[in-house]
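Undergrad: To be precise about what I am sending: the file is called my_file35.pdb and holds PDB, C-alpha atoms and all ligand atoms.
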```
ATOM      1  CA  MET A   1       0.000   0.000   0.000  1.00  0.00           C
ATOM      2  CA  SER A   2       1.337   3.423  -0.936  1.00  0.00           C
ATOM      3  CA  VAL A   3       1.226   6.519   1.255  1.00  0.00           C
ATOM      4  CA  GLU A   4      -1.485   7.871  -1.039  1.00  0.00           C
ATOM      5  CA  ASP A   5      -3.565   4.698  -0.574  1.00  0.00           C
ATOM      6  CA  ASN A   6      -3.265   5.074   3.194  1.00  0.00           C
ATOM      7  CA  LYS A   7      -4.296   8.745   3.051  1.00  0.00           C
ATOM      8  CA  ARG A   8      -7.351   7.704   1.039  1.00  0.00           C
ATOM      9  CA  LEU A   9      -8.270   4.931   3.484  1.00  0.00           C
ATOM     10  CA  ALA A  10      -8.022   7.262   6.484  1.00  0.00           C
ATOM     11  CA  ALA A  11     -10.144   9.851   4.686  1.00  0.00           C
ATOM     12  CA  GLU A  12     -12.794   7.318   3.657  1.00  0.00           C
ATOM     13  CA  ALA A  13     -13.067   6.030   7.236  1.00  0.00           C
ATOM     14  CA  ALA A  14     -13.599   9.543   8.605  1.00  0.00           C
ATOM     15  CA  VAL A  15     -16.173  10.436   5.962  1.00  0.00           C
ATOM     16  CA  GLN A  16     -18.291   7.494   7.172  1.00  0.00           C
ATOM     17  CA  GLU A  17     -19.052   9.647  10.227  1.00  0.00           C
ATOM     18  CA  VAL A  18     -20.861  12.255   8.111  1.00  0.00           C
ATOM     19  CA  ARG A  19     -24.650  12.092   8.404  1.00  0.00           C
ATOM     20  CA  ASP A  20     -27.541  13.707   6.520  1.00  0.00           C
ATOM     21  CA  GLY A  21     -28.131  17.318   7.495  1.00  0.00           C
ATOM     22  CA  MET A  22     -24.660  17.967   8.913  1.00  0.00           C
ATOM     23  CA  VAL A  23     -22.600  21.088   8.304  1.00  0.00           C
ATOM     24  CA  VAL A  24     -19.078  19.783   7.705  1.00  0.00           C
ATOM     25  CA  GLY A  25     -15.735  21.589   7.821  1.00  0.00           C
ATOM     26  CA  LEU A  26     -13.372  20.582   5.020  1.00  0.00           C
ATOM     27  CA  GLY A  27      -9.631  20.677   5.569  1.00  0.00           C
ATOM     28  CA  THR A  28      -6.760  21.532   3.287  1.00  0.00           C
ATOM     29  CA  GLY A  29      -3.988  19.404   1.795  1.00  0.00           C
ATOM     30  CA  SER A  30      -3.583  16.104   0.005  1.00  0.00           C
ATOM     31  CA  THR A  31      -5.259  13.952   2.677  1.00  0.00           C
ATOM     32  CA  ALA A  32      -8.156  16.377   3.054  1.00  0.00           C
ATOM     33  CA  ALA A  33      -8.527  16.209  -0.744  1.00  0.00           C
ATOM     34  CA  PHE A  34      -9.272  12.487  -0.416  1.00  0.00           C
ATOM     35  CA  ALA A  35     -11.958  13.330   2.155  1.00  0.00           C
ATOM     36  CA  ILE A  36     -13.493  15.854  -0.242  1.00  0.00           C
ATOM     37  CA  ALA A  37     -13.516  13.202  -2.972  1.00  0.00           C
ATOM     38  CA  ALA A  38     -15.108  10.606  -0.675  1.00  0.00           C
ATOM     39  CA  LEU A  39     -17.702  13.115   0.501  1.00  0.00           C
ATOM     40  CA  SER A  40     -18.466  14.033  -3.087  1.00  0.00           C
ATOM     41  CA  HIS A  41     -19.185  10.358  -3.854  1.00  0.00           C
ATOM     42  CA  ARG A  42     -21.512  10.149  -0.873  1.00  0.00           C
ATOM     43  CA  CYS A  43     -23.291  13.358  -1.955  1.00  0.00           C
ATOM     44  CA  ALA A  44     -23.709  11.942  -5.458  1.00  0.00           C
ATOM     45  CA  ALA A  45     -25.303   8.895  -3.806  1.00  0.00           C
ATOM     46  CA  GLY A  46     -27.841  11.076  -1.985  1.00  0.00           C
ATOM     47  CA  LEU A  47     -26.170  12.402   1.175  1.00  0.00           C
ATOM     48  CA  ARG A  48     -27.457  15.911   1.917  1.00  0.00           C
ATOM     49  CA  ILE A  49     -24.942  18.140   3.674  1.00  0.00           C
ATOM     50  CA  GLU A  50     -23.523  21.622   3.606  1.00  0.00           C
ATOM     51  CA  ALA A  51     -19.808  22.289   3.910  1.00  0.00           C
ATOM     52  CA  VAL A  52     -17.436  25.090   4.747  1.00  0.00           C
ATOM     53  CA  ALA A  53     -13.838  24.955   3.586  1.00  0.00           C
ATOM     54  CA  THR A  54     -10.554  26.012   5.175  1.00  0.00           C
ATOM     55  CA  SER A  55      -8.908  27.351   2.022  1.00  0.00           C
ATOM     56  CA  GLU A  56      -9.703  28.723  -1.398  1.00  0.00           C
ATOM     57  CA  ALA A  57      -8.228  25.514  -2.878  1.00  0.00           C
ATOM     58  CA  SER A  58     -10.558  23.277  -0.875  1.00  0.00           C
ATOM     59  CA  THR A  59     -13.512  25.544  -1.639  1.00  0.00           C
ATOM     60  CA  ALA A  60     -12.781  25.174  -5.341  1.00  0.00           C
ATOM     61  CA  ALA A  61     -12.236  21.404  -5.133  1.00  0.00           C
ATOM     62  CA  ALA A  62     -15.398  20.797  -3.111  1.00  0.00           C
ATOM     63  CA  SER A  63     -17.578  23.053  -5.276  1.00  0.00           C
ATOM     64  CA  ALA A  64     -16.236  21.440  -8.445  1.00  0.00           C
ATOM     65  CA  SER A  65     -17.109  18.001  -7.089  1.00  0.00           C
ATOM     66  CA  GLY A  66     -20.717  18.920  -6.353  1.00  0.00           C
ATOM     67  CA  ILE A  67     -20.544  19.642  -2.628  1.00  0.00           C
ATOM     68  CA  ILE A  68     -22.547  22.659  -1.460  1.00  0.00           C
ATOM     69  CA  VAL A  69     -19.992  25.048   0.073  1.00  0.00           C
ATOM     70  CA  ARG A  70     -21.145  27.871   2.334  1.00  0.00           C
ATOM     71  CA  ASP A  71     -19.299  30.817   3.837  1.00  0.00           C
ATOM     72  CA  PHE A  72     -17.828  29.903   7.241  1.00  0.00           C
ATOM     73  CA  ALA A  73     -18.406  33.521   8.310  1.00  0.00           C
ATOM     74  CA  ASP A  74     -22.090  32.621   8.706  1.00  0.00           C
ATOM     75  CA  PHE A  75     -21.588  29.653  11.067  1.00  0.00           C
ATOM     76  CA  ALA A  76     -20.948  29.829  14.802  1.00  0.00           C
ATOM     77  CA  THR A  77     -20.771  26.039  15.092  1.00  0.00           C
ATOM     78  CA  LEU A  78     -20.276  23.074  12.791  1.00  0.00           C
ATOM     79  CA  ASP A  79     -21.249  19.452  13.304  1.00  0.00           C
ATOM     80  CA  LEU A  80     -17.974  17.908  12.198  1.00  0.00           C
ATOM     81  CA  ALA A  81     -14.674  18.909  10.637  1.00  0.00           C
ATOM     82  CA  ILE A  82     -12.143  16.641   8.938  1.00  0.00           C
ATOM     83  CA  ASP A  83      -8.578  17.679   8.160  1.00  0.00           C
ATOM     84  CA  GLY A  84      -5.046  16.377   7.697  1.00  0.00           C
ATOM     85  CA  ALA A  85      -2.014  17.008   9.892  1.00  0.00           C
ATOM     86  CA  ASP A  86       1.759  17.131   9.633  1.00  0.00           C
ATOM     87  CA  GLU A  87       2.280  15.343  12.962  1.00  0.00           C
ATOM     88  CA  ILE A  88      -0.056  13.824  15.525  1.00  0.00           C
ATOM     89  CA  ASP A  89       0.693  11.936  18.726  1.00  0.00           C
ATOM     90  CA  SER A  90      -1.272   9.622  20.992  1.00  0.00           C
ATOM     91  CA  ARG A  91      -2.389  12.584  23.164  1.00  0.00           C
ATOM     92  CA  LEU A  92      -4.097  13.875  19.988  1.00  0.00           C
ATOM     93  CA  TRP A  93      -1.781  16.856  19.923  1.00  0.00           C
ATOM     94  CA  ALA A  94      -1.156  17.830  16.314  1.00  0.00           C
ATOM     95  CA  VAL A  95       1.016  20.120  14.218  1.00  0.00           C
ATOM     96  CA  LYS A  96      -0.674  21.507  11.122  1.00  0.00           C
ATOM     97  CA  GLY A  97      -0.066  24.142   8.504  1.00  0.00           C
ATOM     98  CA  ALA A  98       2.456  22.824   6.011  1.00  0.00           C
ATOM     99  CA  GLY A  99      -0.181  23.926   3.497  1.00  0.00           C
ATOM    100  CA  GLY A 100      -0.344  27.356   5.119  1.00  0.00           C
ATOM    101  CA  ALA A 101      -4.039  27.168   6.041  1.00  0.00           C
ATOM    102  CA  MET A 102      -3.661  26.751   9.821  1.00  0.00           C
ATOM    103  CA  LEU A 103      -5.408  29.990  10.808  1.00  0.00           C
ATOM    104  CA  ARG A 104      -8.634  29.103   9.004  1.00  0.00           C
ATOM    105  CA  GLU A 105      -8.163  25.433   9.907  1.00  0.00           C
ATOM    106  CA  LYS A 106      -8.022  26.198  13.613  1.00  0.00           C
ATOM    107  CA  ALA A 107     -11.135  28.390  13.503  1.00  0.00           C
ATOM    108  CA  VAL A 108     -13.031  25.641  11.690  1.00  0.00           C
ATOM    109  CA  ALA A 109     -11.696  22.919  14.027  1.00  0.00           C
ATOM    110  CA  ALA A 110     -12.614  24.943  17.103  1.00  0.00           C
ATOM    111  CA  ALA A 111     -16.119  25.599  15.791  1.00  0.00           C
ATOM    112  CA  ALA A 112     -16.727  21.914  15.119  1.00  0.00           C
ATOM    113  CA  ARG A 113     -18.483  19.794  17.736  1.00  0.00           C
ATOM    114  CA  ARG A 114     -16.187  16.991  16.576  1.00  0.00           C
ATOM    115  CA  PHE A 115     -12.835  17.483  14.864  1.00  0.00           C
ATOM    116  CA  ILE A 116     -11.203  14.505  13.176  1.00  0.00           C
ATOM    117  CA  VAL A 117      -7.624  14.343  11.905  1.00  0.00           C
ATOM    118  CA  ILE A 118      -6.918  11.984   9.005  1.00  0.00           C
ATOM    119  CA  ALA A 119      -3.405  10.851   8.174  1.00  0.00           C
ATOM    120  CA  ASP A 120      -1.210   8.104   6.834  1.00  0.00           C
ATOM    121  CA  GLY A 121       0.935   6.324   9.395  1.00  0.00           C
ATOM    122  CA  SER A 122       4.027   8.464   8.761  1.00  0.00           C
ATOM    123  CA  LYS A 123       2.326  11.367  10.575  1.00  0.00           C
ATOM    124  CA  LEU A 124       1.856   9.449  13.829  1.00  0.00           C
ATOM    125  CA  VAL A 125       4.766  10.355  16.113  1.00  0.00           C
ATOM    126  CA  GLN A 126       5.695   9.656  19.688  1.00  0.00           C
ATOM    127  CA  ALA A 127       5.734  13.339  20.557  1.00  0.00           C
ATOM    128  CA  ILE A 128       5.039  16.277  18.261  1.00  0.00           C
ATOM    129  CA  GLY A 129       7.793  18.803  17.625  1.00  0.00           C
ATOM    130  CA  ALA A 130      10.070  17.563  14.841  1.00  0.00           C
ATOM    131  CA  ALA A 131       7.982  19.101  12.055  1.00  0.00           C
ATOM    132  CA  LYS A 132       8.324  22.781  11.300  1.00  0.00           C
ATOM    133  CA  LEU A 133       5.711  24.829  13.106  1.00  0.00           C
ATOM    134  CA  PRO A 134       4.075  27.409  10.815  1.00  0.00           C
ATOM    135  CA  VAL A 135       2.981  30.752  12.221  1.00  0.00           C
ATOM    136  CA  GLU A 136       0.808  33.170  10.216  1.00  0.00           C
ATOM    137  CA  VAL A 137       2.346  36.626  10.455  1.00  0.00           C
ATOM    138  CA  LEU A 138       0.924  40.037   9.653  1.00  0.00           C
ATOM    139  CA  PRO A 139       3.269  41.473   6.979  1.00  0.00           C
ATOM    140  CA  PHE A 140       3.214  44.852   8.780  1.00  0.00           C
ATOM    141  CA  ALA A 141       4.843  43.213  11.839  1.00  0.00           C
ATOM    142  CA  ARG A 142       7.173  40.809  10.005  1.00  0.00           C
ATOM    143  CA  ALA A 143      10.586  41.623  11.529  1.00  0.00           C
ATOM    144  CA  PHE A 144       9.152  42.101  15.024  1.00  0.00           C
ATOM    145  CA  ALA A 145       7.238  38.816  14.945  1.00  0.00           C
ATOM    146  CA  VAL A 146      10.259  36.924  13.586  1.00  0.00           C
ATOM    147  CA  ALA A 147      12.455  38.324  16.372  1.00  0.00           C
ATOM    148  CA  GLN A 148       9.866  37.321  18.976  1.00  0.00           C
ATOM    149  CA  LEU A 149       9.694  33.801  17.563  1.00  0.00           C
ATOM    150  CA  GLU A 150      13.497  33.590  17.601  1.00  0.00           C
ATOM    151  CA  ASN A 151      13.410  34.648  21.264  1.00  0.00           C
ATOM    152  CA  LEU A 152      11.273  31.562  21.886  1.00  0.00           C
ATOM    153  CA  GLY A 153      14.104  29.419  20.486  1.00  0.00           C
ATOM    154  CA  ALA A 154      12.925  28.989  16.898  1.00  0.00           C
ATOM    155  CA  ALA A 155      15.014  29.012  13.753  1.00  0.00           C
ATOM    156  CA  VAL A 156      12.644  31.005  11.565  1.00  0.00           C
ATOM    157  CA  THR A 157      12.245  31.088   7.799  1.00  0.00           C
ATOM    158  CA  ILE A 158       9.666  33.266   6.110  1.00  0.00           C
ATOM    159  CA  ARG A 159       8.093  30.980   3.498  1.00  0.00           C
ATOM    160  CA  PRO A 160       9.413  32.347   0.184  1.00  0.00           C
ATOM    161  CA  SER A 161       6.998  33.797  -2.389  1.00  0.00           C
ATOM    162  CA  TYR A 162       4.042  32.716  -0.295  1.00  0.00           C
ATOM    163  CA  CYS A 163       0.929  34.530   0.829  1.00  0.00           C
ATOM    164  CA  THR A 164      -1.882  32.914   2.822  1.00  0.00           C
ATOM    165  CA  ASP A 165      -5.511  33.089   1.731  1.00  0.00           C
ATOM    166  CA  ASN A 166      -5.761  35.871   4.327  1.00  0.00           C
ATOM    167  CA  GLY A 167      -3.017  37.935   2.674  1.00  0.00           C
ATOM    168  CA  ASN A 168      -0.376  37.202   5.309  1.00  0.00           C
ATOM    169  CA  LEU A 169       3.081  35.647   5.571  1.00  0.00           C
ATOM    170  CA  VAL A 170       4.025  32.274   7.019  1.00  0.00           C
ATOM    171  CA  ALA A 171       6.993  32.006   9.392  1.00  0.00           C
ATOM    172  CA  ASP A 172       8.141  28.376   9.472  1.00  0.00           C
ATOM    173  CA  CYS A 173       9.689  27.714  12.885  1.00  0.00           C
ATOM    174  CA  ARG A 174      12.048  24.894  13.797  1.00  0.00           C
ATOM    175  CA  PHE A 175      12.629  24.129  17.452  1.00  0.00           C
ATOM    176  CA  ASN A 176      15.492  21.975  18.667  1.00  0.00           C
ATOM    177  CA  ALA A 177      13.188  20.509  21.271  1.00  0.00           C
ATOM    178  CA  MET A 178       9.524  21.257  21.845  1.00  0.00           C
ATOM    179  CA  THR A 179       9.523  20.453  25.555  1.00  0.00           C
ATOM    180  CA  ASP A 180       6.286  22.184  26.545  1.00  0.00           C
ATOM    181  CA  PRO A 181       3.852  22.586  23.625  1.00  0.00           C
ATOM    182  CA  PRO A 182       1.066  24.256  25.709  1.00  0.00           C
ATOM    183  CA  ALA A 183       3.514  26.886  26.997  1.00  0.00           C
ATOM    184  CA  LEU A 184       4.858  27.415  23.482  1.00  0.00           C
ATOM    185  CA  ALA A 185       1.331  27.757  22.055  1.00  0.00           C
ATOM    186  CA  ALA A 186       0.494  30.380  24.676  1.00  0.00           C
ATOM    187  CA  ALA A 187       3.743  32.275  24.071  1.00  0.00           C
ATOM    188  CA  ILE A 188       3.213  32.417  20.305  1.00  0.00           C
ATOM    189  CA  ALA A 189      -0.423  33.436  20.740  1.00  0.00           C
ATOM    190  CA  ALA A 190       0.765  36.364  22.856  1.00  0.00           C
ATOM    191  CA  ILE A 191       2.979  37.845  20.097  1.00  0.00           C
ATOM    192  CA  PRO A 192       1.292  40.870  18.498  1.00  0.00           C
ATOM    193  CA  GLY A 193       1.376  40.290  14.745  1.00  0.00           C
ATOM    194  CA  ALA A 194       1.433  36.477  15.068  1.00  0.00           C
ATOM    195  CA  LEU A 195      -2.094  35.732  13.945  1.00  0.00           C
ATOM    196  CA  GLY A 196      -2.217  31.986  14.366  1.00  0.00           C
ATOM    197  CA  HIS A 197      -0.019  28.921  14.597  1.00  0.00           C
ATOM    198  CA  GLY A 198      -0.118  25.249  13.725  1.00  0.00           C
ATOM    199  CA  LEU A 199      -0.148  23.751  17.225  1.00  0.00           C
ATOM    200  CA  PHE A 200      -3.521  22.037  17.705  1.00  0.00           C
ATOM    201  CA  LEU A 201      -3.547  20.911  21.344  1.00  0.00           C
ATOM    202  CA  ASP A 202      -7.209  21.205  22.349  1.00  0.00           C
ATOM    203  CA  GLU A 203      -9.100  20.708  19.126  1.00  0.00           C
ATOM    204  CA  VAL A 204      -8.692  17.080  18.047  1.00  0.00           C
ATOM    205  CA  ASP A 205     -11.395  14.632  19.180  1.00  0.00           C
ATOM    206  CA  ALA A 206     -10.306  11.661  17.116  1.00  0.00           C
ATOM    207  CA  ALA A 207      -7.823  10.640  14.448  1.00  0.00           C
ATOM    208  CA  TYR A 208      -8.048   8.036  11.712  1.00  0.00           C
ATOM    209  CA  ILE A 209      -4.563   6.804  10.896  1.00  0.00           C
ATOM    210  CA  ALA A 210      -3.992   4.326   8.071  1.00  0.00           C
ATOM    211  CA  ALA A 211      -0.809   2.299   7.804  1.00  0.00           C
ATOM    212  CA  ASP A 212      -0.202  -0.721   5.578  1.00  0.00           C
ATOM    213  CA  GLY A 213      -3.851  -0.654   4.552  1.00  0.00           C
ATOM    214  CA  VAL A 214      -5.157  -0.867   8.125  1.00  0.00           C
ATOM    215  CA  THR A 215      -7.038   2.100   9.573  1.00  0.00           C
ATOM    216  CA  THR A 216      -6.962   2.741  13.312  1.00  0.00           C
ATOM    217  CA  ARG A 217      -9.010   5.275  15.225  1.00  0.00           C
ATOM    218  CA  LEU A 218      -7.455   7.149  18.124  1.00  0.00           C
ATOM    219  CA  GLY A 219      -9.696   9.121  20.466  1.00  0.00           C
ATOM    220  CA  ARG A 220     -13.363   8.982  21.204  1.00  0.00           C
ATOM    221  CA  PRO A 221     -15.916   7.327  18.936  1.00  0.00           C
ATOM    222  CA  ALA A 222     -18.555   9.406  17.149  1.00  0.00           C
TER     223      ALA A 222
HETATM  224  O1  LIG B   1      -2.390  21.622   7.787  1.00  0.00           O
HETATM  225  C1  LIG B   1      -2.493  21.421   6.606  1.00  0.00           C
HETATM  226  C2  LIG B   1      -2.603  22.514   5.609  1.00  0.00           C
HETATM  227  O2  LIG B   1      -2.443  23.773   6.197  1.00  0.00           O
HETATM  228  C3  LIG B   1      -2.556  20.042   6.082  1.00  0.00           C
HETATM  229  O3  LIG B   1      -3.708  19.428   6.571  1.00  0.00           O
HETATM  230  C4  LIG B   1      -1.323  19.301   6.525  1.00  0.00           C
HETATM  231  O4  LIG B   1      -0.189  20.010   6.061  1.00  0.00           O
HETATM  232  C5  LIG B   1      -1.296  17.888   5.951  1.00  0.00           C
HETATM  233  O5  LIG B   1      -1.225  17.937   4.576  1.00  0.00           O
HETATM  234  P1  LIG B   1      -1.145  16.620   3.699  1.00  0.00           P
HETATM  235  O6  LIG B   1      -2.400  15.862   3.944  1.00  0.00           O
HETATM  236  O7  LIG B   1      -1.011  17.108   2.277  1.00  0.00           O
HETATM  237  O8  LIG B   1       0.074  15.849   4.152  1.00  0.00           O
END
```
Let me see whether you can do it: turn the structure in this file into C-alpha cells.
TA:
Amino acid sequence: MSVEDNKRLAAEAAVQEVRDGMVVGLGTGSTAAFAIAALSHRCAAGLRIEAVATSEASTAAASASGIIVRDFADFATLDLAIDGADEIDSRLWAVKGAGGAMLREKAVAAAARRFIVIADGSKLVQAIGAAKLPVEVLPFARAFAVAQLENLGAAVTIRPSYCTDNGNLVADCRFNAMTDPPALAAAIAAIPGALGHGLFLDEVDAAYIAADGVTTRLGRPA
C-alpha cells in the first residue's frame, strides 16, 4: 500500500461519520482532498450536507465536485470537521499548517463539535515537535514577529513567495526541542502580529490513521 492509498483509506473512514443534514468543515492538503472526494461520492449517492472549507483551494475542489460550500463567516458552530495534519501523537496533539491554512483550519476545528484528523501512518509520532511549526504573520509586523519567535528558540524562515488566503506571511519555525507545547502555544499566541499557529492541542477529538492498509481510530468514537 502506498502513502497515497493510506491517506485515502483514512479519509474514507472519517467520511463514514458524516450524516444527513450535517454542516461539515473541510480541511486543506492532500489527505483532506481524499476526504473531499469521498464526501463528493456520498453526496452523489444522496447524502445531503452543507460544507465550509478552510482554504480557497478546498472551496474550489469541493464546489467542483458537487458539494454545497457555504461561507464559514455565517456559522458559529459546525457538526464535524475533517482535516489532515503534519504530525499527531497519541495525546491527539497535532502540528498543522504545512499547506499554510492553519489559521482558518483552527477556527473551523474549534467551531466543530467533533474534529477529526486523518493521516497516513508516517504522521503518527511519539511526541510532536520535529515538524516545522508554521505561524501566520501580519506582513506589517514581520521583523518584530520573527524576532519574537526567535526569542522563543525557533530558527525562523519566512516561506518564500508565499501569501496565505488571508493575505499574510508564514513564518516556518524549527525548534530543537519542543519540551512544553502548551507553553509554546500560549507564548506564540501572545505575540502581536502572530495571527495563528499550527499547534492544535485542544481541538482534536479523534484521528483516523492508516498504515499498511489498516485504519486505526485514536480518540473517542462518534
Ligand atoms: O495543515 C495542513 C494545511 O495547512 C494540512 O492538513 C497538513 O499540512 C497535511 O497535509 P497533507 O495531507 O497534504 O500531508
Undergrad: Applying 12 Å and all atoms listed in the file, which residues near Leu149 (chain A) remain after dropping the ones on its own chain fewer than 4 positions away? List them as JSON, numbers by chain.
TA: {"A": [133, 134, 135, 136, 137, 142, 143, 144, 145, 153, 154, 155, 156, 157, 158, 171, 172, 173, 174, 175, 184, 185, 187, 188, 189, 190, 191, 192, 193, 194, 197]}
Undergrad: Produce as a ChimeraX atom specification the set of residues near ligand LIG 1 (chain B), where near means within 8 Å with only C-alpha atoms and all ligand atoms considered.
TA: /A:7,27-33,83-86,95-102,105,118-119,198
Undergrad: Report as a PyMOL selection string all protein, DNA and RNA residues lying within 6 Å of Asn168 (chain A), evaluated on all atoms listed in the file, omitting residues in the same chain fewer than 3 positions from it.
TA: chain A and resi 137-139+163-164
Undergrad: Can you turn the PyMOL selection byres (((chain A and resi 209) around 7) and not hetatm) into a concrete residue list for this file, as a PyMOL selection string?
TA: chain A and resi 10+118-121+207-208+210-211+215-217
Undergrad: Would you save the residues from that selection as a CSV table (one decimal), in the coordinates of the input, using C-alpha atoms?
TA:
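As a result, result-v5.csv now contains:
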```
chain,number,residue,atom,x,y,z
A,10,ALA,CA,-8.0,7.3,6.5
A,118,ILE,CA,-6.9,12.0,9.0
A,119,ALA,CA,-3.4,10.9,8.2
A,120,ASP,CA,-1.2,8.1,6.8
A,121,GLY,CA,0.9,6.3,9.4
A,207,ALA,CA,-7.8,10.6,14.4
A,208,TYR,CA,-8.0,8.0,11.7
A,210,ALA,CA,-4.0,4.3,8.1
A,211,ALA,CA,-0.8,2.3,7.8
A,215,THR,CA,-7.0,2.1,9.6
A,216,THR,CA,-7.0,2.7,13.3
A,217,ARG,CA,-9.0,5.3,15.2
```
Undergrad: Considering only C-alpha atoms, can you say which of A:Ala183, A:Val15, A:Val108, A:Ala35 comes closest to Ala53 (chain A)?
TA: A:Val108
Undergrad: Work out how far apart CA of Leu9 (chain A) and CA of Asp205 (chain A) are and give it in Å to one decimal.
TA: 18.7 Å
